[in-house]
$ cat query17.txt   # compact mmCIF, C-alpha atoms
# COMPACT_ATOMS: atom_id res chain seq x y z
CA MET A 151 -12.63 -5.27 16.06
CA TYR A 152 -12.98 -5.21 12.29
CA LYS A 153 -10.45 -3.46 10.09
CA LEU A 154 -11.83 -1.99 6.88
CA TYR A 155 -9.30 -1.50 4.10
CA ASN A 156 -10.79 1.60 2.62
CA VAL A 157 -10.12 3.97 -0.29
CA LYS A 158 -12.00 7.20 -0.79
CA ALA A 159 -14.92 6.75 -3.25
CA TRP A 160 -13.81 3.21 -4.17
CA GLY A 161 -15.65 -0.09 -3.71
CA SER A 162 -15.11 -0.07 0.04
CA MET A 163 -17.88 2.52 0.34
CA GLY A 164 -20.62 -0.14 0.39
CA VAL A 165 -19.04 -1.95 3.35
CA HIS A 166 -18.23 1.34 5.07
CA PHE A 167 -21.87 2.47 4.86
CA LEU A 168 -23.04 -0.89 6.18
CA LEU A 169 -20.67 -0.82 9.15
CA GLU A 170 -21.90 2.68 10.00
CA GLU A 171 -25.56 1.64 9.76
CA MET A 172 -24.86 -1.36 11.99
CA GLU A 173 -22.89 0.62 14.55
CA VAL A 174 -20.46 -2.24 15.06
CA PRO A 175 -16.91 -1.37 16.17
CA TYR A 176 -14.34 -1.15 13.38
CA THR A 177 -11.24 0.77 12.36
CA ASN A 178 -10.79 2.39 8.98
CA ILE A 179 -7.47 1.69 7.31
CA TRP A 180 -7.38 4.44 4.70
CA MET A 181 -5.22 3.41 1.78
CA THR A 182 -3.76 5.05 -1.28
CA ALA A 183 -4.08 3.48 -4.73
CA GLU A 184 -0.36 2.71 -4.51
CA GLN A 185 -0.76 0.81 -1.24
CA VAL A 186 -3.62 -1.18 -2.74
CA ARG A 187 -1.42 -2.17 -5.70
CA ALA A 188 1.51 -3.19 -3.48
CA PRO A 189 2.26 -6.94 -3.49
CA GLU A 190 1.93 -7.10 0.32
CA PHE A 191 -1.77 -6.27 0.11
CA ARG A 192 -2.32 -9.56 -1.80
CA ALA A 193 -1.83 -11.36 1.50
CA VAL A 194 -5.11 -9.78 2.64
CA SER A 195 -6.97 -9.60 -0.69
CA PRO A 196 -5.80 -12.23 -3.24
CA LEU A 197 -6.78 -10.10 -6.26
CA GLY A 198 -5.45 -6.90 -4.68
CA TYR A 199 -8.92 -5.41 -4.65
CA ILE A 200 -10.64 -3.06 -2.23
CA PRO A 201 -12.57 -3.66 -0.02
CA ALA A 202 -11.06 -6.15 2.36
CA LEU A 203 -12.19 -6.70 5.91
CA GLY A 204 -9.80 -7.85 8.62
CA LEU A 205 -11.56 -9.98 11.24
CA PRO A 206 -10.66 -10.02 14.96
CA ASP A 207 -9.19 -13.53 14.57
CA GLY A 208 -6.78 -12.35 11.86
CA ARG A 209 -8.68 -13.66 8.83
CA GLY A 210 -9.06 -11.35 5.87
CA LEU A 211 -12.32 -11.25 3.90
CA PHE A 212 -12.57 -9.93 0.35
CA GLU A 213 -15.10 -9.32 -2.45
CA SER A 214 -17.55 -6.53 -1.58
CA ALA A 215 -20.79 -8.53 -1.87
CA ALA A 216 -19.26 -11.39 0.13
CA ILE A 217 -18.33 -9.00 2.94
CA VAL A 218 -21.85 -7.52 2.88
CA SER A 219 -23.35 -11.04 3.02
CA PHE A 220 -21.05 -11.94 5.89
CA LEU A 221 -21.85 -8.82 7.93
CA VAL A 222 -25.63 -9.18 7.63
CA THR A 223 -25.42 -12.82 8.83
CA ALA A 224 -22.85 -12.10 11.58
CA HIS A 225 -24.97 -9.19 12.83
CA ALA A 226 -28.44 -10.40 11.93
CA ASP A 227 -29.80 -8.57 15.01
CA LYS A 228 -29.01 -5.25 13.30
CA GLY A 229 -31.73 -5.93 10.73
CA LEU A 230 -29.81 -4.79 7.66
CA SER A 231 -31.19 -7.75 5.69
CA PRO A 232 -34.14 -10.12 6.09
CA ALA A 233 -33.48 -12.96 8.58
CA PRO A 234 -30.69 -15.21 7.25
CA GLY A 235 -32.12 -18.40 5.80
CA SER A 236 -35.58 -16.92 5.14
CA ALA A 237 -37.11 -16.77 1.66
CA ALA A 238 -36.79 -12.98 1.78
CA PHE A 239 -33.08 -13.40 2.52
CA GLY A 240 -32.80 -15.48 -0.66
CA GLU A 241 -34.39 -12.63 -2.57
CA PHE A 242 -32.01 -10.16 -0.93
CA LEU A 243 -29.03 -12.30 -2.00
CA SER A 244 -30.32 -12.70 -5.56
CA TRP A 245 -30.56 -8.96 -6.08
CA LEU A 246 -27.27 -8.32 -4.29
CA HIS A 247 -25.54 -10.75 -6.67
CA LEU A 248 -27.25 -9.24 -9.69
CA ALA A 249 -25.97 -5.83 -8.54
CA SER A 250 -22.54 -7.34 -7.95
CA GLY A 251 -22.65 -8.53 -11.57
CA LEU A 252 -23.27 -4.92 -12.61
CA TYR A 253 -20.20 -3.91 -10.56
CA THR A 254 -18.09 -6.53 -12.39
CA THR A 255 -19.44 -5.38 -15.74
CA MET A 256 -18.70 -1.73 -14.97
CA ASN A 257 -15.12 -2.71 -14.18
CA ILE A 258 -14.57 -4.23 -17.64
CA LYS A 259 -14.06 -0.65 -18.85
CA TYR A 260 -10.85 -0.47 -16.82
CA ASP A 261 -9.67 -3.48 -18.82
CA ALA A 262 -10.69 -2.03 -22.19
CA GLY A 263 -7.01 -1.57 -23.06
CA PHE A 264 -6.36 -5.19 -22.14
CA TYR A 265 -9.24 -6.64 -24.17
CA GLY A 266 -8.69 -4.28 -27.11
CA ARG A 267 -5.50 -4.07 -29.19
CA ASN A 268 -5.63 -0.32 -29.77
CA ASP A 269 -7.56 2.82 -28.82
CA ALA A 270 -10.36 2.25 -31.34
CA GLU A 271 -11.00 -1.28 -30.09
CA ALA A 272 -10.85 -0.13 -26.48
CA ALA A 273 -13.32 2.67 -27.21
CA HIS A 274 -15.73 0.19 -28.77
CA ILE A 275 -15.45 -2.12 -25.77
CA THR A 276 -16.07 0.81 -23.41
CA ALA A 277 -19.20 1.75 -25.35
CA ARG A 278 -20.41 -1.86 -25.22
CA VAL A 279 -19.79 -2.02 -21.49
CA LYS A 280 -22.02 1.02 -21.11
CA GLU A 281 -24.77 -0.74 -23.10
CA LYS A 282 -24.54 -3.79 -20.85
CA CYS A 283 -24.61 -1.61 -17.74
CA ASP A 284 -27.62 0.34 -19.02
CA ALA A 285 -29.52 -2.94 -19.48
CA LEU A 286 -28.67 -3.97 -15.91
CA TRP A 287 -29.65 -0.55 -14.55
CA ALA A 288 -33.02 -0.87 -16.29
CA ILE A 289 -33.62 -4.20 -14.52
CA LEU A 290 -32.59 -2.81 -11.14
CA ALA A 291 -34.66 0.35 -11.63
CA ALA A 292 -37.75 -1.67 -12.61
CA ARG A 293 -37.43 -3.75 -9.45
CA LEU A 294 -36.97 -0.67 -7.31
CA GLU A 295 -39.90 1.13 -8.90
CA ALA A 296 -42.16 -1.84 -8.17
CA GLU A 297 -41.07 -2.02 -4.52
CA GLU A 298 -40.21 1.51 -3.38
CA PRO A 299 -38.99 3.14 -1.29
CA TRP A 300 -36.34 0.39 -0.97
CA PHE A 301 -35.34 -2.67 -2.99
CA LEU A 302 -37.16 -4.86 -0.49
CA GLY A 303 -40.15 -2.55 -0.17
CA LYS A 304 -40.43 -1.11 3.33
CA ILE A 305 -37.33 -2.99 4.52
CA TYR A 306 -34.22 -0.83 4.23
CA SER A 307 -31.27 -3.16 3.69
CA ALA A 308 -27.61 -3.42 2.76
CA LEU A 309 -28.80 -3.87 -0.83
CA ASP A 310 -29.87 -0.23 -0.93
CA THR A 311 -26.50 1.17 0.13
CA TYR A 312 -24.73 -1.28 -2.22
CA VAL A 313 -26.74 -0.17 -5.27
CA PHE A 314 -26.40 3.46 -4.18
CA MET A 315 -22.61 3.02 -4.31
CA LEU A 316 -22.83 1.70 -7.88
CA SER A 317 -25.10 4.56 -8.91
CA ILE A 318 -22.41 7.10 -7.92
CA TRP A 319 -20.12 5.53 -10.53
CA ALA A 320 -22.68 5.47 -13.35
CA SER A 321 -21.55 6.46 -16.82
CA PRO A 322 -21.62 9.17 -18.13
CA SER A 323 -22.60 10.49 -14.65
CA GLU A 324 -24.72 9.85 -11.60
CA ALA A 325 -26.95 12.77 -12.60
CA ALA A 326 -27.54 11.24 -16.06
CA LEU A 327 -28.52 7.94 -14.45
CA HIS A 328 -30.99 9.77 -12.23
CA GLY A 329 -32.48 11.48 -15.26
CA LYS A 330 -33.04 8.11 -16.91
CA PHE A 331 -34.25 6.24 -13.84
CA PRO A 332 -36.12 8.46 -11.35
CA ALA A 333 -36.51 5.53 -8.92
CA ILE A 334 -32.70 5.39 -8.60
CA ALA A 335 -32.64 9.16 -7.96
CA ARG A 336 -35.17 8.67 -5.14
CA LEU A 337 -33.10 5.81 -3.73
CA ALA A 338 -29.96 7.94 -3.73
CA LYS A 339 -31.80 10.79 -2.04
CA GLY A 340 -33.15 8.42 0.61
CA VAL A 341 -29.73 6.95 1.32
CA ARG A 342 -28.09 10.40 1.51
CA GLN A 343 -30.67 11.39 4.15
CA ARG A 344 -29.78 8.51 6.50
CA PRO A 345 -28.43 10.24 9.61
CA LYS A 346 -25.95 7.49 10.45
CA LEU A 347 -24.33 7.77 7.02
CA LYS A 348 -23.52 11.48 7.10
CA ALA A 349 -19.90 11.15 8.25
CA ALA A 350 -19.09 8.29 5.84
CA LEU A 351 -20.71 10.09 2.89
CA GLU A 352 -18.60 13.15 3.67
CA ALA A 353 -15.44 11.08 4.12
CA HIS A 354 -15.89 9.67 0.60
CA GLY A 355 -16.93 13.06 -0.84
CA VAL A 356 -20.21 11.69 -2.19
CA MET A 357 -22.78 13.76 -0.34
CA GLU A 358 -23.77 15.60 -3.54
CA VAL A 359 -25.02 14.09 -6.81
CA LYS A 360 -22.17 13.92 -9.35
CA ASN A 361 -22.69 15.75 -12.63
CA MET B 96 -40.67 -27.98 -2.32
CA TYR B 97 -37.95 -26.23 -4.32
CA LYS B 98 -38.04 -26.16 -8.11
CA LEU B 99 -34.64 -26.12 -9.80
CA TYR B 100 -34.63 -24.68 -13.31
CA ASN B 101 -31.95 -26.89 -14.73
CA VAL B 102 -30.09 -27.36 -18.04
CA LYS B 103 -27.75 -30.24 -18.68
CA ALA B 104 -24.11 -29.23 -18.01
CA TRP B 105 -25.03 -25.55 -17.56
CA GLY B 106 -24.63 -23.32 -14.50
CA SER B 107 -27.44 -25.07 -12.64
CA MET B 108 -25.06 -27.97 -11.93
CA GLY B 109 -23.61 -26.28 -8.85
CA VAL B 110 -27.04 -25.85 -7.23
CA HIS B 111 -28.10 -29.34 -8.36
CA PHE B 112 -25.06 -30.90 -6.68
CA LEU B 113 -25.72 -28.93 -3.50
CA LEU B 114 -29.38 -29.98 -3.32
CA GLU B 115 -28.32 -33.61 -3.74
CA GLU B 116 -25.67 -33.33 -1.01
CA MET B 117 -28.23 -31.72 1.31
CA GLU B 118 -30.93 -34.26 0.57
CA VAL B 119 -33.61 -31.59 0.70
CA PRO B 120 -36.78 -32.17 -1.38
CA TYR B 121 -36.83 -30.50 -4.78
CA THR B 122 -38.07 -31.02 -8.32
CA ASN B 123 -35.89 -30.66 -11.38
CA ILE B 124 -37.40 -28.61 -14.17
CA TRP B 125 -35.23 -29.63 -17.09
CA MET B 126 -35.16 -26.92 -19.71
CA THR B 127 -33.93 -26.53 -23.26
CA ALA B 128 -31.78 -23.57 -24.32
CA GLU B 129 -34.82 -22.30 -26.22
CA GLN B 130 -37.00 -22.35 -23.11
CA VAL B 131 -34.30 -20.49 -21.18
CA ARG B 132 -34.22 -17.79 -23.87
CA ALA B 133 -38.03 -17.41 -23.94
CA PRO B 134 -39.32 -14.07 -22.60
CA GLU B 135 -41.57 -15.86 -20.05
CA PHE B 136 -38.53 -17.17 -18.20
CA ARG B 137 -37.55 -13.58 -17.36
CA ALA B 138 -40.42 -13.54 -14.86
CA VAL B 139 -38.41 -16.11 -12.85
CA SER B 140 -34.86 -15.00 -13.69
CA PRO B 141 -34.59 -11.28 -14.67
CA LEU B 142 -31.51 -11.81 -16.86
CA GLY B 143 -32.87 -15.03 -18.35
CA TYR B 144 -30.03 -17.01 -16.81
CA ILE B 145 -29.85 -20.52 -15.43
CA PRO B 146 -29.98 -21.49 -12.57
CA ALA B 147 -33.13 -20.22 -10.94
CA LEU B 148 -34.69 -21.72 -7.84
CA GLY B 149 -38.44 -21.58 -7.24
CA LEU B 150 -39.26 -21.40 -3.52
CA PRO B 151 -42.33 -22.99 -1.90
CA ASP B 152 -43.88 -19.53 -1.37
CA GLY B 153 -43.66 -18.73 -5.09
CA ARG B 154 -40.55 -16.52 -5.02
CA GLY B 155 -37.89 -17.12 -7.63
CA LEU B 156 -34.20 -16.88 -6.74
CA PHE B 157 -31.46 -16.34 -9.31
CA GLU B 158 -27.66 -15.99 -9.60
CA SER B 159 -25.88 -19.26 -8.86
CA ALA B 160 -23.69 -18.07 -5.97
CA ALA B 161 -26.68 -16.30 -4.40
CA ILE B 162 -28.71 -19.52 -4.50
CA VAL B 163 -25.78 -21.43 -2.99
CA SER B 164 -25.45 -18.80 -0.22
CA PHE B 165 -29.19 -18.98 0.43
CA LEU B 166 -29.30 -22.79 0.61
CA VAL B 167 -26.40 -23.08 3.05
CA THR B 168 -28.06 -20.55 5.39
CA ALA B 169 -31.58 -21.98 5.01
CA HIS B 170 -30.25 -25.50 5.70
CA ALA B 171 -27.35 -24.71 7.99
CA ASP B 172 -27.98 -28.03 9.79
CA LYS B 173 -26.79 -29.87 6.67
CA GLY B 174 -23.26 -28.57 7.24
CA LEU B 175 -22.46 -27.67 3.63
CA SER B 176 -20.75 -24.47 4.82
CA PRO B 177 -19.30 -23.22 8.10
CA ALA B 178 -21.96 -21.90 10.52
CA PRO B 179 -23.61 -18.78 9.05
CA GLY B 180 -22.24 -15.66 10.67
CA SER B 181 -18.97 -17.27 11.78
CA ALA B 182 -15.58 -16.00 10.66
CA ALA B 183 -15.13 -19.22 8.67
CA PHE B 184 -18.43 -18.49 6.92
CA GLY B 185 -17.02 -15.13 5.87
CA GLU B 186 -14.03 -16.92 4.40
CA PHE B 187 -16.35 -19.35 2.61
CA LEU B 188 -18.28 -16.42 1.11
CA SER B 189 -15.12 -14.59 0.05
CA TRP B 190 -13.85 -17.59 -1.93
CA LEU B 191 -17.31 -18.34 -3.32
CA HIS B 192 -17.54 -14.78 -4.63
CA LEU B 193 -14.02 -14.92 -6.05
CA ALA B 194 -15.03 -18.14 -7.86
CA SER B 195 -18.25 -16.46 -8.99
CA GLY B 196 -16.08 -13.70 -10.47
CA LEU B 197 -14.23 -16.38 -12.44
CA TYR B 198 -17.60 -17.63 -13.71
CA THR B 199 -18.52 -14.10 -14.86
CA THR B 200 -15.12 -13.69 -16.52
CA MET B 201 -15.42 -17.04 -18.34
CA ASN B 202 -18.77 -15.88 -19.71
CA ILE B 203 -17.26 -12.80 -21.35
CA LYS B 204 -16.13 -15.13 -24.14
CA TYR B 205 -19.78 -15.64 -25.11
CA ASP B 206 -19.96 -11.87 -25.57
CA ALA B 207 -16.75 -11.65 -27.61
CA GLY B 208 -18.81 -10.92 -30.72
CA PHE B 209 -20.59 -8.15 -28.84
CA TYR B 210 -17.46 -6.51 -27.46
CA GLY B 211 -15.50 -6.95 -30.70
CA ARG B 212 -16.47 -5.50 -34.08
CA ASN B 213 -15.24 -8.42 -36.16
CA ASP B 214 -13.82 -11.94 -35.88
CA ALA B 215 -10.25 -10.79 -35.29
CA GLU B 216 -11.27 -8.52 -32.42
CA ALA B 217 -13.49 -11.23 -30.94
CA ALA B 218 -10.63 -13.74 -31.14
CA HIS B 219 -8.33 -11.35 -29.30
CA ILE B 220 -10.95 -10.80 -26.60
CA THR B 221 -11.44 -14.56 -26.22
CA ALA B 222 -7.68 -15.03 -25.80
CA ARG B 223 -7.57 -12.25 -23.19
CA VAL B 224 -10.49 -13.83 -21.32
CA LYS B 225 -8.47 -17.03 -21.13
CA GLU B 226 -5.50 -15.11 -19.68
CA LYS B 227 -7.74 -13.57 -17.01
CA CYS B 228 -9.26 -16.96 -16.19
CA ASP B 229 -5.83 -18.58 -15.96
CA ALA B 230 -4.79 -15.95 -13.41
CA LEU B 231 -7.92 -16.65 -11.34
CA TRP B 232 -7.39 -20.41 -11.58
CA ALA B 233 -3.85 -19.94 -10.28
CA ILE B 234 -5.21 -18.10 -7.22
CA LEU B 235 -7.88 -20.74 -6.59
CA ALA B 236 -5.41 -23.59 -7.07
CA ALA B 237 -2.90 -22.01 -4.67
CA ARG B 238 -5.58 -21.72 -2.01
CA LEU B 239 -6.69 -25.30 -2.54
CA GLU B 240 -3.14 -26.63 -2.47
CA ALA B 241 -2.55 -24.91 0.87
CA GLU B 242 -5.74 -26.31 2.40
CA GLU B 243 -6.41 -29.70 0.78
CA PRO B 244 -8.32 -31.87 0.43
CA TRP B 245 -11.05 -29.16 0.24
CA PHE B 246 -11.08 -25.38 -0.09
CA LEU B 247 -11.80 -25.10 3.64
CA GLY B 248 -9.33 -27.82 4.62
CA LYS B 249 -11.08 -30.79 6.16
CA ILE B 250 -14.52 -29.17 5.77
CA TYR B 251 -16.20 -30.24 2.52
CA SER B 252 -18.50 -27.42 1.45
CA ALA B 253 -20.65 -26.01 -1.34
CA LEU B 254 -17.55 -24.13 -2.45
CA ASP B 255 -15.94 -27.38 -3.60
CA THR B 256 -18.85 -28.41 -5.84
CA TYR B 257 -19.11 -24.85 -7.16
CA VAL B 258 -15.45 -24.69 -8.20
CA PHE B 259 -15.68 -28.24 -9.55
CA MET B 260 -18.48 -27.05 -11.84
CA LEU B 261 -16.29 -24.24 -13.16
CA SER B 262 -13.37 -26.62 -13.70
CA ILE B 263 -15.48 -28.72 -16.10
CA TRP B 264 -15.80 -25.67 -18.35
CA ALA B 265 -12.11 -24.73 -18.33
CA SER B 266 -10.49 -23.64 -21.57
CA PRO B 267 -9.07 -25.32 -23.60
CA SER B 268 -10.33 -28.34 -21.58
CA GLU B 269 -10.87 -29.71 -18.11
CA ALA B 270 -7.99 -32.15 -18.68
CA ALA B 271 -5.63 -29.28 -19.58
CA LEU B 272 -6.61 -27.44 -16.38
CA HIS B 273 -5.85 -30.57 -14.38
CA GLY B 274 -2.46 -30.84 -16.04
CA LYS B 275 -1.65 -27.30 -15.01
CA PHE B 276 -3.11 -27.44 -11.50
CA PRO B 277 -2.88 -30.90 -9.92
CA ALA B 278 -4.75 -29.69 -6.82
CA ILE B 279 -7.79 -28.97 -9.01
CA ALA B 280 -7.50 -32.46 -10.51
CA ARG B 281 -7.54 -33.94 -7.00
CA LEU B 282 -10.55 -31.79 -6.09
CA ALA B 283 -12.45 -32.98 -9.17
CA LYS B 284 -11.62 -36.59 -8.38
CA GLY B 285 -12.80 -36.15 -4.81
CA VAL B 286 -16.09 -34.56 -5.86
CA ARG B 287 -16.72 -37.25 -8.48
CA GLN B 288 -16.33 -39.89 -5.78
CA ARG B 289 -19.08 -38.42 -3.56
CA PRO B 290 -21.74 -41.15 -3.45
CA LYS B 291 -24.67 -38.74 -3.22
CA LEU B 292 -23.59 -36.96 -6.41
CA LYS B 293 -23.50 -40.01 -8.70
CA ALA B 294 -26.97 -39.56 -10.20
CA ALA B 295 -26.58 -35.80 -10.75
CA LEU B 296 -23.12 -36.20 -12.30
CA GLU B 297 -24.56 -38.77 -14.70
CA ALA B 298 -27.60 -36.60 -15.48
CA HIS B 299 -25.27 -33.78 -16.57
CA GLY B 300 -22.92 -36.15 -18.39
CA VAL B 301 -19.90 -34.98 -16.40
CA MET B 302 -18.78 -38.17 -14.66
CA GLU B 303 -15.61 -38.36 -16.80
CA VAL B 304 -12.90 -35.73 -17.16
CA LYS B 305 -13.40 -33.76 -20.40
CA ASN B 306 -10.53 -33.80 -22.88

$ encode --input "query17.txt" --output "structure tokens"
Amino acid sequence: MYKLYNVKAWGSMGVHFLLEEMEVPYTNIWMTAEQVRAPEFRAVSPLGYIPALGLPDGRGLFESAAIVSFLVTAHADKGLSPAPGSAAFGEFLSWLHLASGLYTTMNIKYDAGFYGRNDAEAAHITARVKEKCDALWAILAARLEAEEPWFLGKIYSALDTYVFMLSIWASPSEAALHGKFPAIARLAKGVRQRPKLKAALEAHGVMEVKN
Amino acid sequence: MYKLYNVKAWGSMGVHFLLEEMEVPYTNIWMTAEQVRAPEFRAVSPLGYIPALGLPDGRGLFESAAIVSFLVTAHADKGLSPAPGSAAFGEFLSWLHLASGLYTTMNIKYDAGFYGRNDAEAAHITARVKEKCDALWAILAARLEAEEPWFLGKIYSALDTYVFMLSIWASPSEAALHGKFPAIARLAKGVRQRPKLKAALEAHGVMEVKN
């Protein structure tokens, strides 16, 4: 059975949603921020990041998009991505990695105090991060708008729940992102209506759009 | 037949090496930096980044680690990764994504003038990027040292050529990285000795360690 190292409303949401959609057996290991930062957790996740996924054979997987890519290939029969190895699967991976790049870019804001020498420099970096993220959101929204209802057209996939997770964290707010990109608002609405996701959405406290 | 959008010594090297190892048919489309920056290229690669991979059906894939993940699943018989869907494949993906995160972090230095308001701020950001990269190199080197000769022990995989590509770009130099992490030096030596890679290594001008 899988073990999901999970923190409420953190980056483990994407994997959590996927496991629920797939209906594969797993256990949630709910963690506090302090437990995530503890040196022992580095044995599971080398960078000390959430999510991590414990496999039945004792291996620990890390990096959210890697875990998503693993799960859709390990459980290809669940249909949460195009068939592994197909051209459509390549497209799925390309957009998943582009979205993962947005995730990495968003996280630079948490390092603003590391990259900047004082509050003014950090504030400038944070503003620049937002510019970069806005440009990436525009690219994702344009793709979605051309393909709706989902990123791969009629095929609902792990890409949709992954991007939905990122949209919750948008700056200045999820609601502002929806105002700017209606296709993302429709995606979020569609994901929130998935019956299998209800319990996980409630567990992370993300059932409602954040203002 | 695949079309690889390729620039000498740029991020397309990793995919180029993999295609050569796999001996699958493809055409190199050698590009200049100017052609990469041209608006038309965005139709293939939404962010205007190299590499991109044109598929026989006309689709364009992008994001280097996504293309690598696609190729190893589409040509699983070539054995350049553990079997897709296996626990070892999950481990392969986790380390590939961690390495891809190093790639993204390295690239922040090209945006130092965007994140900083002047030369002094940009210089500080560049120095901080190096610190972040050094921490990631330490994690990669520790993994490699525990598993040698390759990242997955005795299994040579696309992860090895991918990390080798990153090592060429290390700051202040590839040679300095080797001095700090002998396991990475041994990896680079091993990759450079792969007979199938000779032509591609020469095409990118990376046969010798960079000082």

$ closest_residue --input "query17.txt" --among "B:Gly153, B:Gly185, B:Gly106, B:Pro141" --to "A:Ile289" --atoms "all atoms listed in the file"
B:Pro141

$ closest_atom_pairs --input "query17.txt" --of "chain A" --to "chain B" --cutoff "9 Å" --atoms "only C-alpha atoms" --output "JSON lines"
{"residue": "A:Pro196", "atom": "CA", "partner": "B:Ile234", "partner_atom": "CA", "distance": 7.1}
{"residue": "A:Leu197", "atom": "CA", "partner": "B:Ile234", "partner_atom": "CA", "distance": 8.2}
{"residue": "A:Leu205", "atom": "CA", "partner": "B:Ala182", "partner_atom": "CA", "distance": 7.3}
{"residue": "A:Pro206", "atom": "CA", "partner": "B:Ala182", "partner_atom": "CA", "distance": 8.9}
{"residue": "A:Asp207", "atom": "CA", "partner": "B:Ala182", "partner_atom": "CA", "distance": 7.9}
{"residue": "A:Arg209", "atom": "CA", "partner": "B:Ala182", "partner_atom": "CA", "distance": 7.5}
{"residue": "A:Gly210", "atom": "CA", "partner": "B:Glu186", "partner_atom": "CA", "distance": 7.6}
{"residue": "A:Leu211", "atom": "CA", "partner": "B:Ser189", "partner_atom": "CA", "distance": 5.8}
{"residue": "A:Phe212", "atom": "CA", "partner": "B:Ser189", "partner_atom": "CA", "distance": 5.3}
{"residue": "A:Glu213", "atom": "CA", "partner": "B:Ser189", "partner_atom": "CA", "distance": 5.8}
{"residue": "A:Ser214", "atom": "CA", "partner": "B:Ser189", "partner_atom": "CA", "distance": 8.6}
{"residue": "A:Ala215", "atom": "CA", "partner": "B:His192", "partner_atom": "CA", "distance": 7.6}
{"residue": "A:Ala216", "atom": "CA", "partner": "B:Leu188", "partner_atom": "CA", "distance": 5.2}
{"residue": "A:Ile217", "atom": "CA", "partner": "B:Gly185", "partner_atom": "CA", "distance": 6.9}
{"residue": "A:Ser219", "atom": "CA", "partner": "B:Leu188", "partner_atom": "CA", "distance": 7.6}
{"residue": "A:Phe220", "atom": "CA", "partner": "B:Gly185", "partner_atom": "CA", "distance": 5.1}
{"residue": "A:Leu221", "atom": "CA", "partner": "B:Gly180", "partner_atom": "CA", "distance": 7.4}
{"residue": "A:Val222", "atom": "CA", "partner": "B:Gly180", "partner_atom": "CA", "distance": 7.9}
{"residue": "A:Thr223", "atom": "CA", "partner": "B:Gly180", "partner_atom": "CA", "distance": 4.6}
{"residue": "A:Ala224", "atom": "CA", "partner": "B:Gly180", "partner_atom": "CA", "distance": 3.7}
{"residue": "A:His225", "atom": "CA", "partner": "B:Gly180", "partner_atom": "CA", "distance": 7.3}
{"residue": "A:Ala226", "atom": "CA", "partner": "B:Gly180", "partner_atom": "CA", "distance": 8.2}
{"residue": "A:Pro234", "atom": "CA", "partner": "B:Thr168", "partner_atom": "CA", "distance": 6.2}
{"residue": "A:Gly235", "atom": "CA", "partner": "B:Ala169", "partner_atom": "CA", "distance": 3.7}
{"residue": "A:Ser236", "atom": "CA", "partner": "B:Ala169", "partner_atom": "CA", "distance": 6.5}
{"residue": "A:Ala237", "atom": "CA", "partner": "B:Leu150", "partner_atom": "CA", "distance": 7.3}
{"residue": "A:Ala238", "atom": "CA", "partner": "B:Arg154", "partner_atom": "CA", "distance": 8.5}
{"residue": "A:Phe239", "atom": "CA", "partner": "B:Phe165", "partner_atom": "CA", "distance": 7.1}
{"residue": "A:Gly240", "atom": "CA", "partner": "B:Phe165", "partner_atom": "CA", "distance": 5.1}
{"residue": "A:Glu241", "atom": "CA", "partner": "B:Leu156", "partner_atom": "CA", "distance": 6.0}
{"residue": "A:Phe242", "atom": "CA", "partner": "B:Ala161", "partner_atom": "CA", "distance": 8.8}
{"residue": "A:Leu243", "atom": "CA", "partner": "B:Ala161", "partner_atom": "CA", "distance": 5.2}
{"residue": "A:Ser244", "atom": "CA", "partner": "B:Ala161", "partner_atom": "CA", "distance": 5.2}
{"residue": "A:Trp245", "atom": "CA", "partner": "B:Phe157", "partner_atom": "CA", "distance": 8.1}
{"residue": "A:Leu246", "atom": "CA", "partner": "B:Ala161", "partner_atom": "CA", "distance": 8.0}
{"residue": "A:His247", "atom": "CA", "partner": "B:Ala161", "partner_atom": "CA", "distance": 6.1}
{"residue": "A:Leu248", "atom": "CA", "partner": "B:Glu158", "partner_atom": "CA", "distance": 6.8}
{"residue": "A:Gly251", "atom": "CA", "partner": "B:Thr199", "partner_atom": "CA", "distance": 7.7}
{"residue": "A:Thr254", "atom": "CA", "partner": "B:Gly196", "partner_atom": "CA", "distance": 7.7}
{"residue": "A:Thr255", "atom": "CA", "partner": "B:Thr199", "partner_atom": "CA", "distance": 8.8}
{"residue": "A:Phe264", "atom": "CA", "partner": "B:Arg223", "partner_atom": "CA", "distance": 7.2}
{"residue": "A:Tyr265", "atom": "CA", "partner": "B:Ile220", "partner_atom": "CA", "distance": 5.1}
{"residue": "A:Gly266", "atom": "CA", "partner": "B:Ile220", "partner_atom": "CA", "distance": 6.9}
{"residue": "A:Arg267", "atom": "CA", "partner": "B:His219", "partner_atom": "CA", "distance": 7.8}
{"residue": "A:Glu271", "atom": "CA", "partner": "B:Gly211", "partner_atom": "CA", "distance": 7.3}
{"residue": "A:His274", "atom": "CA", "partner": "B:Tyr210", "partner_atom": "CA", "distance": 7.0}
{"residue": "A:Ile275", "atom": "CA", "partner": "B:Tyr210", "partner_atom": "CA", "distance": 5.1}
{"residue": "A:Thr276", "atom": "CA", "partner": "B:Tyr210", "partner_atom": "CA", "distance": 8.5}
{"residue": "A:Ala277", "atom": "CA", "partner": "B:Tyr210", "partner_atom": "CA", "distance": 8.7}
{"residue": "A:Arg278", "atom": "CA", "partner": "B:Tyr210", "partner_atom": "CA", "distance": 5.9}
{"residue": "A:Val279", "atom": "CA", "partner": "B:Tyr210", "partner_atom": "CA", "distance": 7.8}
{"residue": "A:Leu286", "atom": "CA", "partner": "B:Leu142", "partner_atom": "CA", "distance": 8.4}
{"residue": "A:Ile289", "atom": "CA", "partner": "B:Pro141", "partner_atom": "CA", "distance": 7.1}

$ atom_distance --input "query17.txt" --atom1 "atom CA of A:Ala353" --atom2 "atom CA of A:Tyr253"
21.5 Å
